[in-house]
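Enquirer: run28.cif is reproduced in full below (mmCIF, N, CA and C atoms).
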```cif
data_query
loop_
_atom_site.label_atom_id
_atom_site.label_comp_id
_atom_site.auth_asym_id
_atom_site.auth_seq_id
_atom_site.Cartn_x
_atom_site.Cartn_y
_atom_site.Cartn_z
N THR V 50 -9.50 -49.86 -22.45
CA THR V 50 -10.81 -50.05 -21.85
C THR V 50 -11.15 -51.54 -21.86
N THR V 51 -12.01 -51.96 -21.00
CA THR V 51 -12.39 -53.37 -20.99
C THR V 51 -13.20 -53.74 -22.22
N ASP V 52 -13.86 -52.79 -22.86
CA ASP V 52 -14.60 -53.07 -24.09
C ASP V 52 -13.68 -53.17 -25.31
N ASP V 53 -12.66 -52.36 -25.36
CA ASP V 53 -11.80 -52.28 -26.54
C ASP V 53 -10.50 -53.07 -26.41
N GLY V 54 -10.20 -53.62 -25.25
CA GLY V 54 -8.97 -54.37 -25.05
C GLY V 54 -7.83 -53.48 -24.60
N TYR V 55 -6.65 -54.05 -24.61
CA TYR V 55 -5.45 -53.36 -24.14
C TYR V 55 -4.63 -52.93 -25.35
N TYR V 56 -4.17 -51.69 -25.35
CA TYR V 56 -3.37 -51.17 -26.46
C TYR V 56 -2.59 -49.95 -25.99
N ALA V 57 -1.50 -49.67 -26.69
CA ALA V 57 -0.70 -48.48 -26.39
C ALA V 57 -1.50 -47.24 -26.76
N CYS V 58 -1.39 -46.21 -25.93
CA CYS V 58 -2.15 -44.99 -26.20
C CYS V 58 -1.36 -43.77 -25.74
N ASP V 59 -1.81 -42.62 -26.19
CA ASP V 59 -1.26 -41.35 -25.73
C ASP V 59 -2.12 -40.86 -24.58
N PHE V 60 -1.47 -40.47 -23.49
CA PHE V 60 -2.15 -40.01 -22.29
C PHE V 60 -1.86 -38.53 -22.12
N ARG V 61 -2.92 -37.75 -21.81
CA ARG V 61 -2.72 -36.33 -21.55
C ARG V 61 -3.56 -35.93 -20.35
N GLY V 62 -2.90 -35.46 -19.30
CA GLY V 62 -3.60 -34.93 -18.14
C GLY V 62 -4.26 -33.61 -18.51
N LEU V 63 -5.45 -33.36 -17.98
CA LEU V 63 -6.21 -32.17 -18.37
C LEU V 63 -6.30 -31.12 -17.27
N ASP V 64 -6.21 -31.52 -16.02
CA ASP V 64 -6.33 -30.54 -14.94
C ASP V 64 -5.76 -31.11 -13.64
N ARG V 65 -5.78 -30.32 -12.60
CA ARG V 65 -5.23 -30.74 -11.31
C ARG V 65 -6.13 -31.75 -10.59
N ALA V 66 -7.38 -31.83 -10.99
CA ALA V 66 -8.31 -32.76 -10.36
C ALA V 66 -8.03 -34.22 -10.75
N GLY V 67 -7.30 -34.41 -11.85
CA GLY V 67 -6.98 -35.75 -12.32
C GLY V 67 -7.69 -36.16 -13.60
N SER V 68 -8.41 -35.23 -14.22
CA SER V 68 -9.06 -35.52 -15.50
C SER V 68 -7.99 -35.82 -16.54
N PHE V 69 -8.34 -36.70 -17.50
CA PHE V 69 -7.36 -37.04 -18.53
C PHE V 69 -8.04 -37.47 -19.82
N ARG V 70 -7.23 -37.50 -20.88
CA ARG V 70 -7.68 -37.95 -22.21
C ARG V 70 -6.70 -39.01 -22.68
N ILE V 71 -7.24 -40.11 -23.19
CA ILE V 71 -6.39 -41.13 -23.81
C ILE V 71 -6.88 -41.34 -25.23
N GLN V 72 -5.92 -41.54 -26.13
CA GLN V 72 -6.27 -41.77 -27.53
C GLN V 72 -5.17 -42.57 -28.20
N ALA V 73 -5.56 -43.25 -29.27
CA ALA V 73 -4.63 -44.05 -30.07
C ALA V 73 -5.16 -44.10 -31.49
N PRO V 74 -4.26 -44.20 -32.47
CA PRO V 74 -4.71 -44.26 -33.86
C PRO V 74 -5.68 -45.42 -34.08
N GLY V 75 -6.78 -45.13 -34.77
CA GLY V 75 -7.75 -46.15 -35.09
C GLY V 75 -8.67 -46.56 -33.95
N ARG V 76 -8.58 -45.85 -32.83
CA ARG V 76 -9.39 -46.16 -31.65
C ARG V 76 -10.17 -44.91 -31.22
N PRO V 77 -11.26 -45.10 -30.50
CA PRO V 77 -11.96 -43.93 -29.95
C PRO V 77 -11.07 -43.21 -28.94
N ALA V 78 -11.25 -41.91 -28.81
CA ALA V 78 -10.57 -41.15 -27.75
C ALA V 78 -11.51 -41.13 -26.55
N TYR V 79 -10.94 -41.29 -25.36
CA TYR V 79 -11.74 -41.29 -24.13
C TYR V 79 -11.28 -40.17 -23.22
N VAL V 80 -12.25 -39.54 -22.57
CA VAL V 80 -11.96 -38.51 -21.57
C VAL V 80 -12.63 -38.92 -20.27
N ILE V 81 -11.86 -38.86 -19.20
CA ILE V 81 -12.39 -39.00 -17.85
C ILE V 81 -12.32 -37.62 -17.23
N GLU V 82 -13.47 -37.05 -16.92
CA GLU V 82 -13.55 -35.69 -16.36
C GLU V 82 -13.96 -35.78 -14.89
N VAL V 83 -12.98 -35.57 -14.02
CA VAL V 83 -13.19 -35.69 -12.58
C VAL V 83 -13.97 -34.47 -12.09
N TYR V 84 -15.10 -34.71 -11.41
CA TYR V 84 -15.89 -33.61 -10.87
C TYR V 84 -15.85 -33.58 -9.35
N GLN V 85 -15.38 -34.66 -8.75
CA GLN V 85 -15.25 -34.77 -7.30
C GLN V 85 -14.20 -35.85 -7.06
N SER V 86 -13.46 -35.77 -6.00
CA SER V 86 -12.41 -36.76 -5.74
C SER V 86 -12.95 -38.18 -5.87
N GLY V 87 -12.37 -38.95 -6.78
CA GLY V 87 -12.76 -40.33 -6.99
C GLY V 87 -13.99 -40.56 -7.84
N ARG V 88 -14.60 -39.48 -8.36
CA ARG V 88 -15.82 -39.58 -9.17
C ARG V 88 -15.64 -38.77 -10.45
N ALA V 89 -16.12 -39.34 -11.56
CA ALA V 89 -15.92 -38.68 -12.84
C ALA V 89 -17.02 -39.05 -13.83
N TYR V 90 -17.12 -38.23 -14.86
CA TYR V 90 -17.96 -38.54 -16.01
C TYR V 90 -17.04 -38.98 -17.14
N GLY V 91 -17.55 -39.85 -18.00
CA GLY V 91 -16.77 -40.33 -19.12
C GLY V 91 -17.34 -39.86 -20.44
N PHE V 92 -16.46 -39.62 -21.38
CA PHE V 92 -16.84 -39.20 -22.72
C PHE V 92 -16.01 -39.98 -23.73
N ALA V 93 -16.57 -40.20 -24.90
CA ALA V 93 -15.85 -40.88 -25.98
C ALA V 93 -16.06 -40.12 -27.28
N ASP V 94 -15.02 -40.12 -28.10
CA ASP V 94 -15.11 -39.53 -29.43
C ASP V 94 -14.78 -40.63 -30.43
N PHE V 95 -15.78 -41.05 -31.18
CA PHE V 95 -15.63 -42.12 -32.15
C PHE V 95 -15.31 -41.58 -33.54
N GLY V 96 -14.98 -40.29 -33.61
CA GLY V 96 -14.60 -39.67 -34.86
C GLY V 96 -15.55 -38.59 -35.33
N SER V 97 -16.71 -38.49 -34.69
CA SER V 97 -17.67 -37.48 -35.12
C SER V 97 -18.07 -36.53 -33.99
N GLY V 98 -17.25 -36.44 -32.97
CA GLY V 98 -17.53 -35.56 -31.84
C GLY V 98 -17.71 -36.35 -30.55
N SER V 99 -17.57 -35.66 -29.46
CA SER V 99 -17.62 -36.28 -28.14
C SER V 99 -19.05 -36.60 -27.72
N VAL V 100 -19.24 -37.80 -27.16
CA VAL V 100 -20.53 -38.20 -26.62
C VAL V 100 -20.34 -38.64 -25.17
N SER V 101 -21.35 -38.37 -24.37
CA SER V 101 -21.31 -38.75 -22.96
C SER V 101 -21.53 -40.25 -22.84
N LEU V 102 -20.73 -40.89 -22.00
CA LEU V 102 -20.91 -42.32 -21.73
C LEU V 102 -21.90 -42.49 -20.58
N PRO V 103 -22.64 -43.60 -20.56
CA PRO V 103 -23.64 -43.79 -19.51
C PRO V 103 -23.01 -43.90 -18.12
N GLY V 104 -23.80 -43.56 -17.12
CA GLY V 104 -23.35 -43.71 -15.74
C GLY V 104 -22.26 -42.72 -15.37
N GLU V 105 -21.58 -43.05 -14.29
CA GLU V 105 -20.41 -42.28 -13.89
C GLU V 105 -19.27 -43.25 -13.65
N TYR V 106 -18.09 -42.72 -13.50
CA TYR V 106 -16.91 -43.53 -13.26
C TYR V 106 -16.40 -43.28 -11.85
N ILE V 107 -16.09 -44.37 -11.17
CA ILE V 107 -15.56 -44.33 -9.81
C ILE V 107 -14.14 -44.88 -9.86
N ARG V 108 -13.22 -44.19 -9.21
CA ARG V 108 -11.83 -44.65 -9.22
C ARG V 108 -11.73 -46.00 -8.52
N SER V 109 -11.06 -46.93 -9.16
CA SER V 109 -10.92 -48.28 -8.64
C SER V 109 -10.06 -48.29 -7.38
N ARG V 110 -10.50 -49.05 -6.39
CA ARG V 110 -9.69 -49.21 -5.17
C ARG V 110 -8.59 -50.24 -5.38
N ARG V 111 -8.82 -51.19 -6.30
CA ARG V 111 -7.82 -52.24 -6.55
C ARG V 111 -6.67 -51.76 -7.42
N ASP V 112 -6.97 -50.91 -8.40
CA ASP V 112 -5.94 -50.39 -9.31
C ASP V 112 -6.23 -48.92 -9.53
N ARG V 113 -5.46 -48.05 -8.90
CA ARG V 113 -5.72 -46.61 -8.92
C ARG V 113 -5.56 -46.00 -10.31
N ALA V 114 -5.03 -46.75 -11.27
CA ALA V 114 -4.93 -46.26 -12.65
C ALA V 114 -6.22 -46.51 -13.42
N CYS V 115 -7.21 -47.13 -12.77
CA CYS V 115 -8.45 -47.52 -13.45
C CYS V 115 -9.67 -46.79 -12.88
N TRP V 116 -10.64 -46.63 -13.75
CA TRP V 116 -11.93 -46.03 -13.40
C TRP V 116 -13.02 -46.99 -13.83
N ASP V 117 -13.94 -47.32 -12.90
CA ASP V 117 -15.01 -48.29 -13.13
C ASP V 117 -16.34 -47.59 -13.39
N ASN V 118 -17.04 -48.02 -14.43
CA ASN V 118 -18.34 -47.44 -14.75
C ASN V 118 -19.42 -48.07 -13.87
N THR V 119 -20.28 -47.23 -13.30
CA THR V 119 -21.31 -47.69 -12.37
C THR V 119 -22.48 -48.39 -13.06
N GLU V 120 -22.69 -48.14 -14.34
CA GLU V 120 -23.83 -48.74 -15.04
C GLU V 120 -23.45 -49.88 -15.97
N THR V 121 -22.31 -49.78 -16.62
CA THR V 121 -21.97 -50.77 -17.64
C THR V 121 -20.91 -51.77 -17.19
N SER V 122 -20.31 -51.56 -16.04
CA SER V 122 -19.23 -52.41 -15.51
C SER V 122 -17.98 -52.40 -16.38
N THR V 123 -17.88 -51.44 -17.31
CA THR V 123 -16.65 -51.30 -18.08
C THR V 123 -15.63 -50.52 -17.25
N GLN V 124 -14.41 -50.57 -17.70
CA GLN V 124 -13.32 -49.94 -16.97
C GLN V 124 -12.41 -49.23 -17.96
N ILE V 125 -11.95 -48.04 -17.59
CA ILE V 125 -10.96 -47.32 -18.37
C ILE V 125 -9.72 -47.20 -17.50
N CYS V 126 -8.59 -47.69 -18.02
CA CYS V 126 -7.33 -47.67 -17.28
C CYS V 126 -6.26 -46.97 -18.10
N ALA V 127 -5.39 -46.28 -17.42
CA ALA V 127 -4.26 -45.61 -18.08
C ALA V 127 -2.99 -45.96 -17.31
N TRP V 128 -2.25 -46.97 -17.82
CA TRP V 128 -1.00 -47.38 -17.17
C TRP V 128 0.17 -46.74 -17.84
#
```
Could you take the file, read its structure, and then write that structure out as structure tokens?
Expert:
Amino acid sequence: TTDDGYYACDFRGLDRAGSFRIQAPGRPAYVIEVYQSGRAYGFADFGSGSVSLPGEYIRSRRDRACWDNTETSTQICAW
């Protein structure tokens, strides 16, 4: 994520829509839950349960592996 920097992570696809979960030891787990093509909600688990992230995520046109947050300008990418 743009907030947490770049690091190796485990990627797991969750459904045919493109939803996924990424996690790494010592880091929050992130879920991108696609509800419409190119649009998703984001969630994070900091160790005490999943919380909804502000705004929504739009799939990046520049890098299709990335999702851009509409409110915070953060980005979640899974390469």
Enquirer: Quick one: which residues end up in the PyMOL selection byres (((chain V and resi 73 and name CA) around 12) and name CA) for this structure, as a list of chain:residue names?
Expert: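 Given this file, the PyMOL selection byres (((chain V and resi 73 and name CA) around 12) and name CA) evaluates to V:Thr50, V:Asp53, V:Tyr55, V:Tyr56, V:Ala57, V:Cys58, V:Asp59, V:Phe60, V:Arg61, V:Arg70, V:Ile71, V:Gln72, V:Pro74, V:Gly75, V:Arg76, V:Pro77, V:Ala78, V:Tyr79, V:Asp94, V:Phe95, V:Gly96.
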Enquirer: Report as an mmCIF file with N, CA and C atoms, keeping the file's coordinate frame the residues that result from applying the PyMOL selection byres (((chain V and resi 81 and name CA) around 8) and name CA) to the structure here.
Expert:
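Everything below was put into expr12.cif:
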```
data_model
loop_
_atom_site.group_PDB
_atom_site.id
_atom_site.type_symbol
_atom_site.label_atom_id
_atom_site.label_comp_id
_atom_site.auth_asym_id
_atom_site.auth_seq_id
_atom_site.Cartn_x
_atom_site.Cartn_y
_atom_site.Cartn_z
ATOM 1 N N SER V 68 -8.410 -35.230 -14.220
ATOM 2 C CA SER V 68 -9.060 -35.520 -15.500
ATOM 3 C C SER V 68 -7.990 -35.820 -16.540
ATOM 4 N N PHE V 69 -8.340 -36.700 -17.500
ATOM 5 C CA PHE V 69 -7.360 -37.040 -18.530
ATOM 6 C C PHE V 69 -8.040 -37.470 -19.820
ATOM 7 N N ARG V 70 -7.230 -37.500 -20.880
ATOM 8 C CA ARG V 70 -7.680 -37.950 -22.210
ATOM 9 C C ARG V 70 -6.700 -39.010 -22.680
ATOM 10 N N TYR V 79 -10.940 -41.290 -25.360
ATOM 11 C CA TYR V 79 -11.740 -41.290 -24.130
ATOM 12 C C TYR V 79 -11.280 -40.170 -23.220
ATOM 13 N N VAL V 80 -12.250 -39.540 -22.570
ATOM 14 C CA VAL V 80 -11.960 -38.510 -21.570
ATOM 15 C C VAL V 80 -12.630 -38.920 -20.270
ATOM 16 N N GLU V 82 -13.470 -37.050 -16.920
ATOM 17 C CA GLU V 82 -13.550 -35.690 -16.360
ATOM 18 C C GLU V 82 -13.960 -35.780 -14.890
ATOM 19 N N VAL V 83 -12.980 -35.570 -14.020
ATOM 20 C CA VAL V 83 -13.190 -35.690 -12.580
ATOM 21 C C VAL V 83 -13.970 -34.470 -12.090
ATOM 22 N N ALA V 89 -16.120 -39.340 -11.560
ATOM 23 C CA ALA V 89 -15.920 -38.680 -12.840
ATOM 24 C C ALA V 89 -17.020 -39.050 -13.830
ATOM 25 N N TYR V 90 -17.120 -38.230 -14.860
ATOM 26 C CA TYR V 90 -17.960 -38.540 -16.010
ATOM 27 C C TYR V 90 -17.040 -38.980 -17.140
ATOM 28 N N GLY V 91 -17.550 -39.850 -18.000
ATOM 29 C CA GLY V 91 -16.770 -40.330 -19.120
ATOM 30 C C GLY V 91 -17.340 -39.860 -20.440
ATOM 31 N N PHE V 92 -16.460 -39.620 -21.380
ATOM 32 C CA PHE V 92 -16.840 -39.200 -22.720
ATOM 33 C C PHE V 92 -16.010 -39.980 -23.730
ATOM 34 N N TYR V 106 -18.090 -42.720 -13.500
ATOM 35 C CA TYR V 106 -16.910 -43.530 -13.260
ATOM 36 C C TYR V 106 -16.400 -43.280 -11.850
#
```
Enquirer: From the DSSP assignment of the backbone, select every residue of chain V that is strand (DSSP E), and format the answer as a PyMOL selection string.
Expert: chain V and resi 59-62+69-72+78-85+88-94+99-101+106-108+115-118+124-126
Enquirer: Rounded to one decimal place, report the CA of Ser109 in chain V-CA of Ser97 in chain V distance in Å.
Expert: 29.4 Å
Enquirer: If the PyMOL selection byres ((chain V and resi 118) around 7) were run on this exact file, what residues would it hold? Put them as a list of chain:residue names.
Expert: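 Going through the file, the PyMOL selection byres ((chain V and resi 118) around 7) ends up selecting V:Pro103, V:Gly104, V:Glu105, V:Tyr106, V:Ile107, V:Trp116, V:Asp117, V:Thr119, V:Glu120, V:Thr121, V:Ser122, V:Thr123, V:Gln124, V:Ile125.
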Enquirer: Hey, can you check how far atom C of Leu63 in chain V sits from atom C of Gly98 in chain V?
Expert: 18.3 Å
Enquirer: So what do you get for atom C of Gly54 in chain V versus atom C of Cys126 in chain V, distance-wise?
Expert: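 Calculated distance between atom C of Gly54 in chain V and atom C of Cys126 in chain V is 9.3 Å.
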Enquirer: Can you tell me, as a list in words, what residues are no more than 10 Å from Arg113 in chain V when counting only C-alpha atoms, ignoring any on the same chain fewer than 2 positions away?
Expert: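 In the requested format, the answer is Gly87, Arg108, Ser109, Arg110, Arg111, Cys115, Trp116, Cys126, Ala127 and Trp128 of chain V.
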Enquirer: Dump N, CA and C atoms for the selected residues as a short mmCIF file (atom, residue, chain, number, x, y, z; two decimals), in the frame of the given file?
Expert:
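Result saved to selection.cif:
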```
data_model
loop_
_atom_site.label_atom_id
_atom_site.label_comp_id
_atom_site.auth_asym_id
_atom_site.auth_seq_id
_atom_site.Cartn_x
_atom_site.Cartn_y
_atom_site.Cartn_z
N GLY V 87 -12.37 -38.95 -6.78
CA GLY V 87 -12.76 -40.33 -6.99
C GLY V 87 -13.99 -40.56 -7.84
N ARG V 108 -13.22 -44.19 -9.21
CA ARG V 108 -11.83 -44.65 -9.22
C ARG V 108 -11.73 -46.00 -8.52
N SER V 109 -11.06 -46.93 -9.16
CA SER V 109 -10.92 -48.28 -8.64
C SER V 109 -10.06 -48.29 -7.38
N ARG V 110 -10.50 -49.05 -6.39
CA ARG V 110 -9.69 -49.21 -5.17
C ARG V 110 -8.59 -50.24 -5.38
N ARG V 111 -8.82 -51.19 -6.30
CA ARG V 111 -7.82 -52.24 -6.55
C ARG V 111 -6.67 -51.76 -7.42
N CYS V 115 -7.21 -47.13 -12.77
CA CYS V 115 -8.45 -47.52 -13.45
C CYS V 115 -9.67 -46.79 -12.88
N TRP V 116 -10.64 -46.63 -13.75
CA TRP V 116 -11.93 -46.03 -13.40
C TRP V 116 -13.02 -46.99 -13.83
N CYS V 126 -8.59 -47.69 -18.02
CA CYS V 126 -7.33 -47.67 -17.28
C CYS V 126 -6.26 -46.97 -18.10
N ALA V 127 -5.39 -46.28 -17.42
CA ALA V 127 -4.26 -45.61 -18.08
C ALA V 127 -2.99 -45.96 -17.31
N TRP V 128 -2.25 -46.97 -17.82
CA TRP V 128 -1.00 -47.38 -17.17
C TRP V 128 0.17 -46.74 -17.84
#
```
